[in-house]
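Undergrad: Quick one: structure below, then a few questions.
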Amino acid sequence: MLSCKRATQLIEKKMHFGLNPLEKFQLHLHKQACKYCAAYEKQNEVIDLILQNGMDEHLNHHSLAEKEKEGMKAAVREKMEGLET
């Protein structure tokens, strides 16, 4: 059984990068037993939608250069990889 800490890491990873089949299964089992992590995932989905809508609106007014976008993506990847250890 996953710890809640690991489950929240997988929830974040799922939203941004996707999960492998084993991770999907482990997260599914954990959320069946843990109402708190299930609620956390739902809250994250809502927050992500709100942020995405706001970001889309912002980007329509201020276009980011491709180099800036890649830098942001790389920073997120580095943070996610740091969480997996």
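Each chain of the structure tokens is named A, B, ... in the order shown, its residues numbered from 1; ligands are numbered from 1 in display order.
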Fewer than 6 positions away in the same chain doesn't count, so skip those; otherwise give me all residues within 12 Å of stretch 22-34 of chain A, counting only C-alpha atoms, as a PyMOL selection string.
TA: chain A and resi 1-15+40-42+84
Undergrad: Can you tell me, as a PyMOL selection string, which residues in chain A count as helix (DSSP H, G or I) by DSSP?
TA: chain A and resi 4-16+21-33+35-61+66-83
Undergrad: How many Å lie between atom CA of A:Gly54 and atom CA of A:Lys73, rounded to one decimal?
TA: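 Separation between atom CA of A:Gly54 and atom CA of A:Lys73: 17.9 Å.
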Undergrad: Residues within 12 Å of A:Arg77, please, as a PyMOL selection string. Count only C-alpha atoms; anything in the same chain fewer than 5 positions from it doesn't count.
TA: chain A and resi 12-13+16-17+70-72+82-84
